[in-house]
$ cat upload14.cif   # mmCIF, N, CA and C atoms
data_coords
#
loop_
_atom_site.label_atom_id
_atom_site.label_comp_id
_atom_site.auth_asym_id
_atom_site.auth_seq_id
_atom_site.Cartn_x
_atom_site.Cartn_y
_atom_site.Cartn_z
N MET A 26 5.17 11.49 4.73
CA MET A 26 5.11 10.50 3.68
C MET A 26 6.12 10.90 2.61
N SER A 27 7.00 9.98 2.26
CA SER A 27 7.99 10.23 1.21
C SER A 27 7.41 9.82 -0.14
N LEU A 28 7.59 10.71 -1.11
CA LEU A 28 7.08 10.44 -2.45
C LEU A 28 8.12 10.85 -3.49
N LYS A 29 8.13 10.13 -4.60
CA LYS A 29 8.94 10.57 -5.73
C LYS A 29 8.40 11.94 -6.16
N PRO A 30 9.27 12.86 -6.56
CA PRO A 30 8.82 14.21 -6.90
C PRO A 30 7.65 14.28 -7.88
N GLN A 31 7.65 13.43 -8.89
CA GLN A 31 6.56 13.43 -9.86
C GLN A 31 5.22 13.14 -9.19
N PHE A 32 5.18 12.15 -8.31
CA PHE A 32 3.93 11.77 -7.66
C PHE A 32 3.54 12.78 -6.58
N ALA A 33 4.55 13.36 -5.92
CA ALA A 33 4.27 14.42 -4.94
C ALA A 33 3.61 15.61 -5.62
N ASP A 34 4.14 16.00 -6.79
CA ASP A 34 3.53 17.09 -7.55
C ASP A 34 2.09 16.78 -7.92
N GLU A 35 1.83 15.55 -8.37
CA GLU A 35 0.47 15.15 -8.75
C GLU A 35 -0.48 15.26 -7.56
N ILE A 36 -0.01 14.92 -6.37
CA ILE A 36 -0.85 15.04 -5.18
C ILE A 36 -1.13 16.50 -4.87
N LEU A 37 -0.07 17.31 -4.84
CA LEU A 37 -0.24 18.71 -4.40
C LEU A 37 -1.00 19.57 -5.40
N VAL A 38 -1.00 19.21 -6.69
CA VAL A 38 -1.81 19.98 -7.65
C VAL A 38 -3.23 19.41 -7.76
N GLY A 39 -3.48 18.29 -7.10
CA GLY A 39 -4.83 17.75 -7.05
C GLY A 39 -5.20 16.76 -8.14
N SER A 40 -4.22 16.35 -8.97
CA SER A 40 -4.56 15.39 -10.03
C SER A 40 -4.51 13.94 -9.55
N LYS A 41 -3.89 13.71 -8.41
CA LYS A 41 -3.82 12.36 -7.84
C LYS A 41 -4.64 12.35 -6.56
N LYS A 42 -5.71 11.57 -6.56
CA LYS A 42 -6.66 11.57 -5.45
C LYS A 42 -6.47 10.41 -4.47
N CYS A 43 -5.63 9.44 -4.82
CA CYS A 43 -5.37 8.29 -3.96
C CYS A 43 -3.87 8.02 -3.91
N GLU A 44 -3.41 7.59 -2.76
CA GLU A 44 -2.02 7.17 -2.62
C GLU A 44 -2.02 5.72 -2.17
N VAL A 45 -1.17 4.92 -2.79
CA VAL A 45 -1.10 3.49 -2.50
C VAL A 45 0.25 3.19 -1.87
N ARG A 46 0.22 2.47 -0.76
CA ARG A 46 1.43 2.13 -0.01
C ARG A 46 1.33 0.73 0.55
N THR A 47 2.48 0.11 0.79
CA THR A 47 2.49 -1.10 1.60
C THR A 47 2.06 -0.68 3.00
N PHE A 48 1.15 -1.43 3.58
CA PHE A 48 0.61 -1.08 4.90
C PHE A 48 1.68 -1.22 5.96
N ILE A 49 1.91 -0.12 6.69
CA ILE A 49 2.84 -0.12 7.82
C ILE A 49 2.04 0.07 9.11
N SER A 50 1.23 1.11 9.11
CA SER A 50 0.35 1.40 10.25
C SER A 50 -0.83 2.21 9.72
N PRO A 51 -1.92 2.25 10.47
CA PRO A 51 -3.09 2.97 9.98
C PRO A 51 -2.84 4.48 9.89
N ILE A 52 -3.50 5.10 8.95
CA ILE A 52 -3.57 6.56 8.85
C ILE A 52 -5.05 6.88 8.99
N SER A 53 -5.37 7.72 9.94
CA SER A 53 -6.77 8.01 10.24
C SER A 53 -7.31 9.15 9.39
N LYS A 54 -8.58 9.07 9.09
CA LYS A 54 -9.25 10.14 8.36
C LYS A 54 -9.08 11.42 9.17
N GLY A 55 -8.65 12.49 8.49
CA GLY A 55 -8.43 13.77 9.16
C GLY A 55 -6.99 14.03 9.55
N ASP A 56 -6.13 13.01 9.50
CA ASP A 56 -4.71 13.21 9.81
C ASP A 56 -4.09 14.15 8.78
N THR A 57 -3.15 14.98 9.24
CA THR A 57 -2.35 15.80 8.33
C THR A 57 -1.19 14.95 7.85
N VAL A 58 -1.01 14.88 6.54
CA VAL A 58 0.07 14.09 5.95
C VAL A 58 1.02 15.06 5.26
N LEU A 59 2.23 15.21 5.82
CA LEU A 59 3.24 16.05 5.20
C LEU A 59 3.77 15.35 3.96
N VAL A 60 3.99 16.11 2.89
CA VAL A 60 4.48 15.55 1.63
C VAL A 60 5.97 15.85 1.51
N TYR A 61 6.78 14.80 1.69
CA TYR A 61 8.23 14.90 1.56
C TYR A 61 8.63 14.42 0.17
N TYR A 62 9.26 15.30 -0.58
CA TYR A 62 9.77 14.97 -1.91
C TYR A 62 11.11 14.25 -1.72
N SER A 63 11.22 13.04 -2.25
CA SER A 63 12.47 12.30 -2.15
C SER A 63 13.50 12.90 -3.11
N SER A 64 14.62 12.23 -3.25
CA SER A 64 15.72 12.70 -4.09
C SER A 64 15.24 12.97 -5.52
N PRO A 65 15.67 13.99 -6.16
CA PRO A 65 16.75 14.91 -5.80
C PRO A 65 16.30 16.14 -5.01
N VAL A 66 15.00 16.30 -4.73
CA VAL A 66 14.49 17.51 -4.06
C VAL A 66 14.83 17.49 -2.57
N LYS A 67 14.46 16.43 -1.87
CA LYS A 67 14.75 16.22 -0.45
C LYS A 67 14.21 17.36 0.43
N ALA A 68 12.89 17.57 0.37
CA ALA A 68 12.27 18.62 1.18
C ALA A 68 10.77 18.37 1.32
N VAL A 69 10.19 18.90 2.41
CA VAL A 69 8.74 18.91 2.58
C VAL A 69 8.24 20.16 1.88
N LYS A 70 7.29 19.96 0.95
CA LYS A 70 6.80 21.10 0.17
C LYS A 70 5.30 21.30 0.29
N GLY A 71 4.63 20.48 1.09
CA GLY A 71 3.19 20.64 1.25
C GLY A 71 2.61 19.56 2.14
N PHE A 72 1.28 19.51 2.13
CA PHE A 72 0.60 18.50 2.93
C PHE A 72 -0.78 18.23 2.32
N PHE A 73 -1.41 17.18 2.80
CA PHE A 73 -2.81 16.93 2.49
C PHE A 73 -3.48 16.36 3.73
N ILE A 74 -4.78 16.35 3.70
CA ILE A 74 -5.55 15.78 4.79
C ILE A 74 -5.98 14.38 4.36
N ALA A 75 -5.73 13.41 5.22
CA ALA A 75 -6.10 12.03 4.91
C ALA A 75 -7.61 11.89 4.84
N GLY A 76 -8.06 11.30 3.76
CA GLY A 76 -9.47 10.95 3.64
C GLY A 76 -9.66 9.52 4.11
N ASP A 77 -10.65 8.86 3.57
CA ASP A 77 -10.89 7.46 3.92
C ASP A 77 -9.69 6.62 3.49
N SER A 78 -9.46 5.54 4.22
CA SER A 78 -8.40 4.62 3.84
C SER A 78 -8.95 3.20 3.81
N ILE A 79 -8.33 2.39 2.99
CA ILE A 79 -8.72 0.99 2.85
C ILE A 79 -7.45 0.16 2.97
N VAL A 80 -7.49 -0.87 3.76
CA VAL A 80 -6.39 -1.83 3.84
C VAL A 80 -6.86 -3.07 3.10
N ALA A 81 -6.07 -3.48 2.09
CA ALA A 81 -6.52 -4.56 1.22
C ALA A 81 -5.40 -5.56 0.95
N ARG A 82 -5.80 -6.73 0.49
CA ARG A 82 -4.84 -7.71 0.00
C ARG A 82 -4.49 -7.34 -1.45
N PRO A 83 -3.31 -7.68 -1.90
CA PRO A 83 -2.94 -7.36 -3.28
C PRO A 83 -3.96 -7.88 -4.31
N SER A 84 -4.58 -9.02 -4.04
CA SER A 84 -5.56 -9.58 -4.98
C SER A 84 -6.81 -8.69 -5.12
N GLU A 85 -7.05 -7.83 -4.14
CA GLU A 85 -8.20 -6.92 -4.17
C GLU A 85 -7.86 -5.54 -4.74
N LEU A 86 -6.58 -5.29 -4.94
CA LEU A 86 -6.09 -3.96 -5.27
C LEU A 86 -6.73 -3.36 -6.51
N MET A 87 -6.73 -4.07 -7.62
CA MET A 87 -7.22 -3.50 -8.88
C MET A 87 -8.72 -3.18 -8.81
N GLU A 88 -9.49 -4.05 -8.19
CA GLU A 88 -10.93 -3.79 -8.08
C GLU A 88 -11.19 -2.53 -7.25
N ILE A 89 -10.45 -2.40 -6.14
CA ILE A 89 -10.63 -1.21 -5.29
C ILE A 89 -10.18 0.04 -6.03
N LEU A 90 -9.05 -0.02 -6.71
CA LEU A 90 -8.58 1.15 -7.46
C LEU A 90 -9.58 1.55 -8.54
N ASN A 91 -10.13 0.58 -9.23
CA ASN A 91 -11.13 0.88 -10.26
C ASN A 91 -12.37 1.54 -9.67
N ASN A 92 -12.78 1.09 -8.48
CA ASN A 92 -13.99 1.64 -7.84
C ASN A 92 -13.74 2.96 -7.13
N GLU A 93 -12.59 3.08 -6.47
CA GLU A 93 -12.34 4.22 -5.59
C GLU A 93 -11.42 5.28 -6.20
N CYS A 94 -10.55 4.89 -7.12
CA CYS A 94 -9.51 5.80 -7.62
C CYS A 94 -9.42 5.73 -9.14
N SER A 95 -10.54 5.73 -9.80
CA SER A 95 -10.57 5.53 -11.25
C SER A 95 -9.86 6.64 -12.02
N ASP A 96 -9.64 7.79 -11.40
CA ASP A 96 -8.98 8.89 -12.10
C ASP A 96 -7.48 8.95 -11.85
N MET A 97 -6.88 7.87 -11.33
CA MET A 97 -5.45 7.84 -11.05
C MET A 97 -4.67 8.02 -12.35
N PRO A 98 -3.67 8.91 -12.37
CA PRO A 98 -2.86 9.09 -13.58
C PRO A 98 -2.27 7.76 -14.05
N ARG A 99 -2.26 7.56 -15.36
CA ARG A 99 -1.85 6.28 -15.94
C ARG A 99 -0.45 5.86 -15.52
N ASP A 100 0.51 6.79 -15.54
CA ASP A 100 1.87 6.42 -15.16
C ASP A 100 1.94 5.97 -13.70
N ASN A 101 1.11 6.56 -12.86
CA ASN A 101 1.07 6.15 -11.46
C ASN A 101 0.42 4.79 -11.32
N LEU A 102 -0.62 4.54 -12.08
CA LEU A 102 -1.28 3.24 -12.04
C LEU A 102 -0.32 2.14 -12.47
N GLU A 103 0.47 2.40 -13.49
CA GLU A 103 1.47 1.41 -13.94
C GLU A 103 2.48 1.13 -12.84
N TYR A 104 2.91 2.17 -12.14
CA TYR A 104 3.85 2.01 -11.03
C TYR A 104 3.23 1.15 -9.93
N VAL A 105 1.99 1.43 -9.59
CA VAL A 105 1.27 0.68 -8.55
C VAL A 105 1.17 -0.80 -8.94
N VAL A 106 0.80 -1.06 -10.18
CA VAL A 106 0.65 -2.45 -10.64
C VAL A 106 1.97 -3.20 -10.53
N THR A 107 3.08 -2.59 -10.98
CA THR A 107 4.36 -3.29 -10.95
C THR A 107 4.91 -3.45 -9.53
N LYS A 108 4.63 -2.48 -8.65
CA LYS A 108 5.20 -2.53 -7.31
C LYS A 108 4.36 -3.32 -6.30
N TYR A 109 3.03 -3.26 -6.40
CA TYR A 109 2.18 -3.79 -5.34
C TYR A 109 1.37 -5.03 -5.70
N LEU A 110 1.11 -5.27 -6.95
CA LEU A 110 0.23 -6.37 -7.32
C LEU A 110 0.77 -7.73 -6.89
N GLY A 111 2.08 -7.91 -6.92
CA GLY A 111 2.68 -9.19 -6.54
C GLY A 111 3.12 -9.26 -5.09
N SER A 112 2.81 -8.23 -4.32
CA SER A 112 3.25 -8.17 -2.92
C SER A 112 2.56 -9.25 -2.09
N ARG A 113 3.20 -9.62 -1.01
CA ARG A 113 2.59 -10.56 -0.06
C ARG A 113 2.04 -9.81 1.15
N ARG A 114 2.31 -8.52 1.20
CA ARG A 114 1.88 -7.70 2.34
C ARG A 114 0.57 -6.98 2.03
N LYS A 115 -0.10 -6.54 3.07
CA LYS A 115 -1.32 -5.76 2.89
C LYS A 115 -0.97 -4.40 2.29
N ILE A 116 -1.95 -3.82 1.61
CA ILE A 116 -1.77 -2.56 0.91
C ILE A 116 -2.70 -1.51 1.50
N LEU A 117 -2.19 -0.30 1.69
CA LEU A 117 -2.98 0.83 2.16
C LEU A 117 -3.35 1.70 0.95
N ILE A 118 -4.62 1.96 0.80
CA ILE A 118 -5.11 2.88 -0.23
C ILE A 118 -5.70 4.06 0.53
N LEU A 119 -5.09 5.22 0.35
CA LEU A 119 -5.44 6.40 1.11
C LEU A 119 -5.98 7.49 0.19
N LYS A 120 -7.16 7.99 0.52
CA LYS A 120 -7.75 9.10 -0.24
C LYS A 120 -7.06 10.40 0.16
N VAL A 121 -6.75 11.21 -0.83
CA VAL A 121 -6.08 12.50 -0.65
C VAL A 121 -7.14 13.59 -0.69
N THR A 122 -7.20 14.43 0.36
CA THR A 122 -8.12 15.56 0.34
C THR A 122 -7.37 16.83 0.73
N SER A 123 -7.86 17.94 0.27
CA SER A 123 -7.33 19.27 0.61
C SER A 123 -5.82 19.40 0.46
N PRO A 124 -5.27 19.03 -0.71
CA PRO A 124 -3.82 19.20 -0.88
C PRO A 124 -3.44 20.68 -0.85
N THR A 125 -2.33 20.97 -0.18
CA THR A 125 -1.87 22.35 -0.02
C THR A 125 -0.36 22.41 -0.23
N THR A 126 0.07 23.34 -1.07
CA THR A 126 1.50 23.56 -1.30
C THR A 126 1.96 24.70 -0.41
N PHE A 127 3.08 24.51 0.28
CA PHE A 127 3.63 25.56 1.13
C PHE A 127 4.28 26.65 0.26
N PRO A 128 4.39 27.88 0.79
CA PRO A 128 5.08 28.93 0.05
C PRO A 128 6.59 28.67 -0.03
N GLY A 129 7.12 27.91 0.89
CA GLY A 129 8.53 27.55 0.88
C GLY A 129 8.69 26.12 1.36
N ALA A 130 9.86 25.56 1.10
CA ALA A 130 10.12 24.16 1.46
C ALA A 130 10.90 24.07 2.76
N VAL A 131 10.78 22.93 3.42
CA VAL A 131 11.58 22.62 4.61
C VAL A 131 12.53 21.50 4.18
N THR A 132 13.83 21.80 4.22
CA THR A 132 14.84 20.91 3.67
C THR A 132 15.11 19.70 4.56
N LEU A 133 15.78 18.73 3.97
CA LEU A 133 16.18 17.54 4.70
C LEU A 133 17.06 17.91 5.89
N GLU A 134 17.97 18.84 5.71
CA GLU A 134 18.83 19.27 6.82
C GLU A 134 18.00 19.84 7.97
N GLU A 135 17.02 20.65 7.64
CA GLU A 135 16.15 21.22 8.68
C GLU A 135 15.35 20.13 9.39
N LEU A 136 14.87 19.15 8.63
CA LEU A 136 14.15 18.03 9.24
C LEU A 136 15.06 17.27 10.20
N ARG A 137 16.28 17.03 9.78
CA ARG A 137 17.23 16.31 10.64
C ARG A 137 17.52 17.10 11.91
N ASN A 138 17.55 18.45 11.81
CA ASN A 138 17.75 19.28 13.00
C ASN A 138 16.59 19.16 13.98
N LEU A 139 15.43 18.73 13.48
CA LEU A 139 14.27 18.46 14.34
C LEU A 139 14.21 16.99 14.76
N ASN A 140 15.29 16.26 14.49
CA ASN A 140 15.39 14.82 14.79
C ASN A 140 14.38 14.00 14.01
N ILE A 141 14.11 14.42 12.77
CA ILE A 141 13.21 13.68 11.89
C ILE A 141 14.02 13.17 10.71
N ARG A 142 13.96 11.89 10.51
CA ARG A 142 14.60 11.25 9.36
C ARG A 142 13.48 10.73 8.46
N PRO A 143 13.29 11.37 7.30
CA PRO A 143 12.18 10.93 6.44
C PRO A 143 12.27 9.44 6.13
N PRO A 144 11.14 8.78 6.20
CA PRO A 144 11.12 7.33 5.96
C PRO A 144 11.12 7.02 4.48
N ARG A 145 11.32 5.77 4.15
CA ARG A 145 11.20 5.35 2.75
C ARG A 145 9.74 5.37 2.31
N SER A 146 8.82 5.19 3.23
CA SER A 146 7.41 5.17 2.90
C SER A 146 6.66 6.24 3.70
N TYR A 147 6.23 5.89 4.90
CA TYR A 147 5.57 6.86 5.76
C TYR A 147 5.78 6.50 7.21
N MET A 148 5.60 7.51 8.07
CA MET A 148 5.71 7.31 9.51
C MET A 148 4.89 8.39 10.20
N LYS A 149 4.58 8.15 11.45
CA LYS A 149 3.87 9.15 12.25
C LYS A 149 4.90 9.97 13.02
N ILE A 150 4.63 11.28 13.09
CA ILE A 150 5.45 12.16 13.93
C ILE A 150 4.52 12.84 14.93
N ASN A 151 5.08 13.36 16.00
CA ASN A 151 4.23 13.98 17.01
C ASN A 151 3.72 15.34 16.51
N ASN A 152 2.64 15.80 17.12
CA ASN A 152 2.00 17.05 16.69
C ASN A 152 2.93 18.25 16.77
N LYS A 153 3.78 18.30 17.80
CA LYS A 153 4.69 19.43 17.94
C LYS A 153 5.64 19.52 16.76
N ALA A 154 6.23 18.39 16.37
CA ALA A 154 7.15 18.39 15.23
C ALA A 154 6.43 18.77 13.94
N CYS A 155 5.23 18.27 13.77
CA CYS A 155 4.44 18.61 12.58
C CYS A 155 4.17 20.11 12.55
N GLN A 156 3.78 20.68 13.68
CA GLN A 156 3.50 22.12 13.75
C GLN A 156 4.75 22.94 13.46
N GLU A 157 5.91 22.48 13.93
CA GLU A 157 7.17 23.20 13.66
C GLU A 157 7.49 23.20 12.17
N ILE A 158 7.29 22.08 11.52
CA ILE A 158 7.56 21.99 10.09
C ILE A 158 6.61 22.90 9.32
N VAL A 159 5.34 22.84 9.65
CA VAL A 159 4.35 23.68 8.97
C VAL A 159 4.67 25.17 9.19
N ALA A 160 5.01 25.55 10.42
CA ALA A 160 5.34 26.95 10.72
C ALA A 160 6.55 27.42 9.92
N LYS A 161 7.59 26.58 9.84
CA LYS A 161 8.77 26.93 9.04
C LYS A 161 8.39 27.17 7.59
N ALA A 162 7.60 26.27 7.04
CA ALA A 162 7.23 26.36 5.63
C ALA A 162 6.34 27.57 5.34
N LEU A 163 5.43 27.87 6.25
CA LEU A 163 4.50 28.98 6.03
C LEU A 163 5.14 30.34 6.21
N ASN A 164 6.24 30.39 6.95
CA ASN A 164 6.92 31.66 7.20
C ASN A 164 8.00 31.98 6.16
N ARG A 165 7.97 31.30 5.05
CA ARG A 165 8.99 31.50 4.01
C ARG A 165 8.37 32.12 2.78
N LYS A 166 9.22 32.77 2.01
CA LYS A 166 8.81 33.23 0.69
C LYS A 166 8.90 32.05 -0.25
N THR A 167 8.21 32.13 -1.37
CA THR A 167 8.24 31.06 -2.36
C THR A 167 9.68 30.83 -2.81
N GLN A 168 10.05 29.56 -2.84
CA GLN A 168 11.41 29.20 -3.26
C GLN A 168 11.42 28.65 -4.66
#

$ encode --input "upload14.cif" --output "structure tokens"
Amino acid sequence: MSLKPQFADEILVGSKKCEVRTFISPISKGDTVLVYYSSPVKAVKGFFIAGDSIVARPSELMEILNNECSDMPRDNLEYVVTKYLGSRRKILILKVTSPTTFPGAVTLEELRNLNIRPPRSYMKINNKACQEIVAKALNRKTQ
């Protein structure tokens, strides 16, 4: 999952408990979600475990966020309102659990060497590629 660095930090330190995205495909409870920091960082720096997810229409978004994600940081809530409230597409609201920061980052170049091109939003990768990324990150000193 690609995130702006500010929002990625909020997820990995545990202050952001929900992530909102235009629905592309389901994310199942228990899935490992790698956190890719978009520009200017351009690296995977951690992961979280997917909690419950809700697929909603934009007209339902604010009610669900108020009920399920009431502690969302204000700047993030403003971003969600401006980006998703007027959308015509379904919205994915994903609960963030067990956020973990890696001791080192896996760079965009390293991801490309694994034939992974980070998406603008999110995508599924196979378990082997995920394990390779996690192993690279865990075998590094803090950067």

$ resolve_selection --input "upload14.cif" --expression "the PyMOL selection byres (((chain A and resi 39 and name CA) around 12) and name CA)" --output "mmCIF file with N, CA and C atoms, keeping the file's coordinate frame"
data_model
loop_
_atom_site.group_PDB
_atom_site.id
_atom_site.type_symbol
_atom_site.label_atom_id
_atom_site.label_comp_id
_atom_site.auth_asym_id
_atom_site.auth_seq_id
_atom_site.Cartn_x
_atom_site.Cartn_y
_atom_site.Cartn_z
ATOM 1 N N PHE A 32 5.180 12.150 -8.310
ATOM 2 C CA PHE A 32 3.930 11.770 -7.660
ATOM 3 C C PHE A 32 3.540 12.780 -6.580
ATOM 4 N N ALA A 33 4.550 13.360 -5.920
ATOM 5 C CA ALA A 33 4.270 14.420 -4.940
ATOM 6 C C ALA A 33 3.610 15.610 -5.620
ATOM 7 N N ASP A 34 4.140 16.000 -6.790
ATOM 8 C CA ASP A 34 3.530 17.090 -7.550
ATOM 9 C C ASP A 34 2.090 16.780 -7.920
ATOM 10 N N GLU A 35 1.830 15.550 -8.370
ATOM 11 C CA GLU A 35 0.470 15.150 -8.750
ATOM 12 C C GLU A 35 -0.480 15.260 -7.560
ATOM 13 N N ILE A 36 -0.010 14.920 -6.370
ATOM 14 C CA ILE A 36 -0.850 15.040 -5.180
ATOM 15 C C ILE A 36 -1.130 16.500 -4.870
ATOM 16 N N LEU A 37 -0.070 17.310 -4.840
ATOM 17 C CA LEU A 37 -0.240 18.710 -4.400
ATOM 18 C C LEU A 37 -1.000 19.570 -5.400
ATOM 19 N N VAL A 38 -1.000 19.210 -6.690
ATOM 20 C CA VAL A 38 -1.810 19.980 -7.650
ATOM 21 C C VAL A 38 -3.230 19.410 -7.760
ATOM 22 N N SER A 40 -4.220 16.350 -8.970
ATOM 23 C CA SER A 40 -4.560 15.390 -10.030
ATOM 24 C C SER A 40 -4.510 13.940 -9.550
ATOM 25 N N LYS A 41 -3.890 13.710 -8.410
ATOM 26 C CA LYS A 41 -3.820 12.360 -7.840
ATOM 27 C C LYS A 41 -4.640 12.350 -6.560
ATOM 28 N N LYS A 42 -5.710 11.570 -6.560
ATOM 29 C CA LYS A 42 -6.660 11.570 -5.450
ATOM 30 C C LYS A 42 -6.470 10.410 -4.470
ATOM 31 N N CYS A 43 -5.630 9.440 -4.820
ATOM 32 C CA CYS A 43 -5.370 8.290 -3.960
ATOM 33 C C CYS A 43 -3.870 8.020 -3.910
ATOM 34 N N GLU A 44 -3.410 7.590 -2.760
ATOM 35 C CA GLU A 44 -2.020 7.170 -2.620
ATOM 36 C C GLU A 44 -2.020 5.720 -2.170
ATOM 37 N N GLY A 71 4.630 20.480 1.090
ATOM 38 C CA GLY A 71 3.190 20.640 1.250
ATOM 39 C C GLY A 71 2.610 19.560 2.140
ATOM 40 N N PHE A 72 1.280 19.510 2.130
ATOM 41 C CA PHE A 72 0.600 18.500 2.930
ATOM 42 C C PHE A 72 -0.780 18.230 2.320
ATOM 43 N N PHE A 73 -1.410 17.180 2.800
ATOM 44 C CA PHE A 73 -2.810 16.930 2.490
ATOM 45 C C PHE A 73 -3.480 16.360 3.730
ATOM 46 N N ASP A 96 -9.640 7.790 -11.400
ATOM 47 C CA ASP A 96 -8.980 8.890 -12.100
ATOM 48 C C ASP A 96 -7.480 8.950 -11.850
ATOM 49 N N MET A 97 -6.880 7.870 -11.330
ATOM 50 C CA MET A 97 -5.450 7.840 -11.050
ATOM 51 C C MET A 97 -4.670 8.020 -12.350
ATOM 52 N N PRO A 98 -3.670 8.910 -12.370
ATOM 53 C CA PRO A 98 -2.860 9.090 -13.580
ATOM 54 C C PRO A 98 -2.270 7.760 -14.050
ATOM 55 N N LYS A 120 -7.160 7.990 0.520
ATOM 56 C CA LYS A 120 -7.750 9.100 -0.240
ATOM 57 C C LYS A 120 -7.060 10.400 0.160
ATOM 58 N N VAL A 121 -6.750 11.210 -0.830
ATOM 59 C CA VAL A 121 -6.080 12.500 -0.650
ATOM 60 C C VAL A 121 -7.140 13.590 -0.690
ATOM 61 N N THR A 122 -7.200 14.430 0.360
ATOM 62 C CA THR A 122 -8.120 15.560 0.340
ATOM 63 C C THR A 122 -7.370 16.830 0.730
ATOM 64 N N SER A 123 -7.860 17.940 0.270
ATOM 65 C CA SER A 123 -7.330 19.270 0.610
ATOM 66 C C SER A 123 -5.820 19.400 0.460
ATOM 67 N N PRO A 124 -5.270 19.030 -0.710
ATOM 68 C CA PRO A 124 -3.820 19.200 -0.880
ATOM 69 C C PRO A 124 -3.440 20.680 -0.850
ATOM 70 N N THR A 125 -2.330 20.970 -0.180
ATOM 71 C CA THR A 125 -1.870 22.350 -0.020
ATOM 72 C C THR A 125 -0.360 22.410 -0.230
ATOM 73 N N THR A 126 0.070 23.340 -1.070
ATOM 74 C CA THR A 126 1.500 23.560 -1.300
ATOM 75 C C THR A 126 1.960 24.700 -0.410
#

$ residues_near_point --input "upload14.cif" --point "(-1.2, -13.7, -1.3)" --cutoff "8 Å" --atoms "only N, CA and C atoms" --output "PyMOL selection string"
chain A and resi 82-84+111-114

$ atom_distance --input "upload14.cif" --atom1 "CA of Ile79 in chain A" --atom2 "CA of Lys115 in chain A"
10.0 Å

$ axis_aligned_box --input "upload14.cif" --around "range 134-138 of chain A" --padding-each-side "3 Å" --output "JSON"
{"center_x": 16.5, "center_y": 18.8, "center_z": 9.8, "size_x": 10.7, "size_y": 10.9, "size_z": 14.3}

$ atom_distance --input "upload14.cif" --atom1 "atom C of Met148 in chain A" --atom2 "atom N of Glu135 in chain A"
17.4 Å

$ residues_around --input "upload14.cif" --residues "Arg46 in chain A" --least-positions-apart "2" --cutoff "7 Å" --atoms "only C-alpha atoms" --output "JSON, numbers by chain"
{"A": [44, 48, 116, 117, 118]}

$ select_by_dssp --input "upload14.cif" --residues "range 33-157 of chain A" --states "strand (DSSP E or B)" --output "number ranges by chain"
A: 43-47, 57-62, 68-81, 116-132

$ residues_near_point --input "upload14.cif" --point "(5.5, 16.8, 4.9)" --cutoff "5 Å" --atoms "only N, CA and C atoms" --output "list in words"
Val58, Leu59, Val60, Tyr61, Val69 and Gly71 of chain A

$ write_last_selection --input "upload14.cif" --atoms "N, CA and C atoms" --output "short mmCIF file (atom, residue, chain, number, x, y, z; two decimals), in the coordinates of the input"
data_model
loop_
_atom_site.label_atom_id
_atom_site.label_comp_id
_atom_site.auth_asym_id
_atom_site.auth_seq_id
_atom_site.Cartn_x
_atom_site.Cartn_y
_atom_site.Cartn_z
N VAL A 58 -1.01 14.88 6.54
CA VAL A 58 0.07 14.09 5.95
C VAL A 58 1.02 15.06 5.26
N LEU A 59 2.23 15.21 5.82
CA LEU A 59 3.24 16.05 5.20
C LEU A 59 3.77 15.35 3.96
N VAL A 60 3.99 16.11 2.89
CA VAL A 60 4.48 15.55 1.63
C VAL A 60 5.97 15.85 1.51
N TYR A 61 6.78 14.80 1.69
CA TYR A 61 8.23 14.90 1.56
C TYR A 61 8.63 14.42 0.17
N VAL A 69 10.19 18.90 2.41
CA VAL A 69 8.74 18.91 2.58
C VAL A 69 8.24 20.16 1.88
N GLY A 71 4.63 20.48 1.09
CA GLY A 71 3.19 20.64 1.25
C GLY A 71 2.61 19.56 2.14
#

$ resolve_selection --input "upload14.cif" --expression "the PyMOL selection byres ((chain A and resi 52) around 8)" --output "PyMOL selection string"
chain A and resi 49-51+53-56+75-78+119

$ write_last_selection --input "upload14.cif" --atoms "N, CA and C atoms" --output "short mmCIF file (atom, residue, chain, number, x, y, z; two decimals), keeping the file's coordinate frame"
data_model
loop_
_atom_site.label_atom_id
_atom_site.label_comp_id
_atom_site.auth_asym_id
_atom_site.auth_seq_id
_atom_site.Cartn_x
_atom_site.Cartn_y
_atom_site.Cartn_z
N ILE A 49 1.91 -0.12 6.69
CA ILE A 49 2.84 -0.12 7.82
C ILE A 49 2.04 0.07 9.11
N SER A 50 1.23 1.11 9.11
CA SER A 50 0.35 1.40 10.25
C SER A 50 -0.83 2.21 9.72
N PRO A 51 -1.92 2.25 10.47
CA PRO A 51 -3.09 2.97 9.98
C PRO A 51 -2.84 4.48 9.89
N SER A 53 -5.37 7.72 9.94
CA SER A 53 -6.77 8.01 10.24
C SER A 53 -7.31 9.15 9.39
N LYS A 54 -8.58 9.07 9.09
CA LYS A 54 -9.25 10.14 8.36
C LYS A 54 -9.08 11.42 9.17
N GLY A 55 -8.65 12.49 8.49
CA GLY A 55 -8.43 13.77 9.16
C GLY A 55 -6.99 14.03 9.55
N ASP A 56 -6.13 13.01 9.50
CA ASP A 56 -4.71 13.21 9.81
C ASP A 56 -4.09 14.15 8.78
N ALA A 75 -5.73 13.41 5.22
CA ALA A 75 -6.10 12.03 4.91
C ALA A 75 -7.61 11.89 4.84
N GLY A 76 -8.06 11.30 3.76
CA GLY A 76 -9.47 10.95 3.64
C GLY A 76 -9.66 9.52 4.11
N ASP A 77 -10.65 8.86 3.57
CA ASP A 77 -10.89 7.46 3.92
C ASP A 77 -9.69 6.62 3.49
N SER A 78 -9.46 5.54 4.22
CA SER A 78 -8.40 4.62 3.84
C SER A 78 -8.95 3.20 3.81
N LEU A 119 -5.09 5.22 0.35
CA LEU A 119 -5.44 6.40 1.11
C LEU A 119 -5.98 7.49 0.19
#

$ select_by_dssp --input "upload14.cif" --residues "range 27-90 of chain A" --states "helix (DSSP H, G or I)" --output "list of chain:residue names"
A:Pro30, A:Gln31, A:Phe32, A:Ala33, A:Asp34, A:Glu35, A:Ile36, A:Leu37, A:Pro83, A:Ser84, A:Glu85, A:Leu86, A:Met87, A:Glu88, A:Ile89, A:Leu90

$ atom_distance --input "upload14.cif" --atom1 "CA of Pro65 in chain A" --atom2 "CA of Glu134 in chain A"
13.5 Å
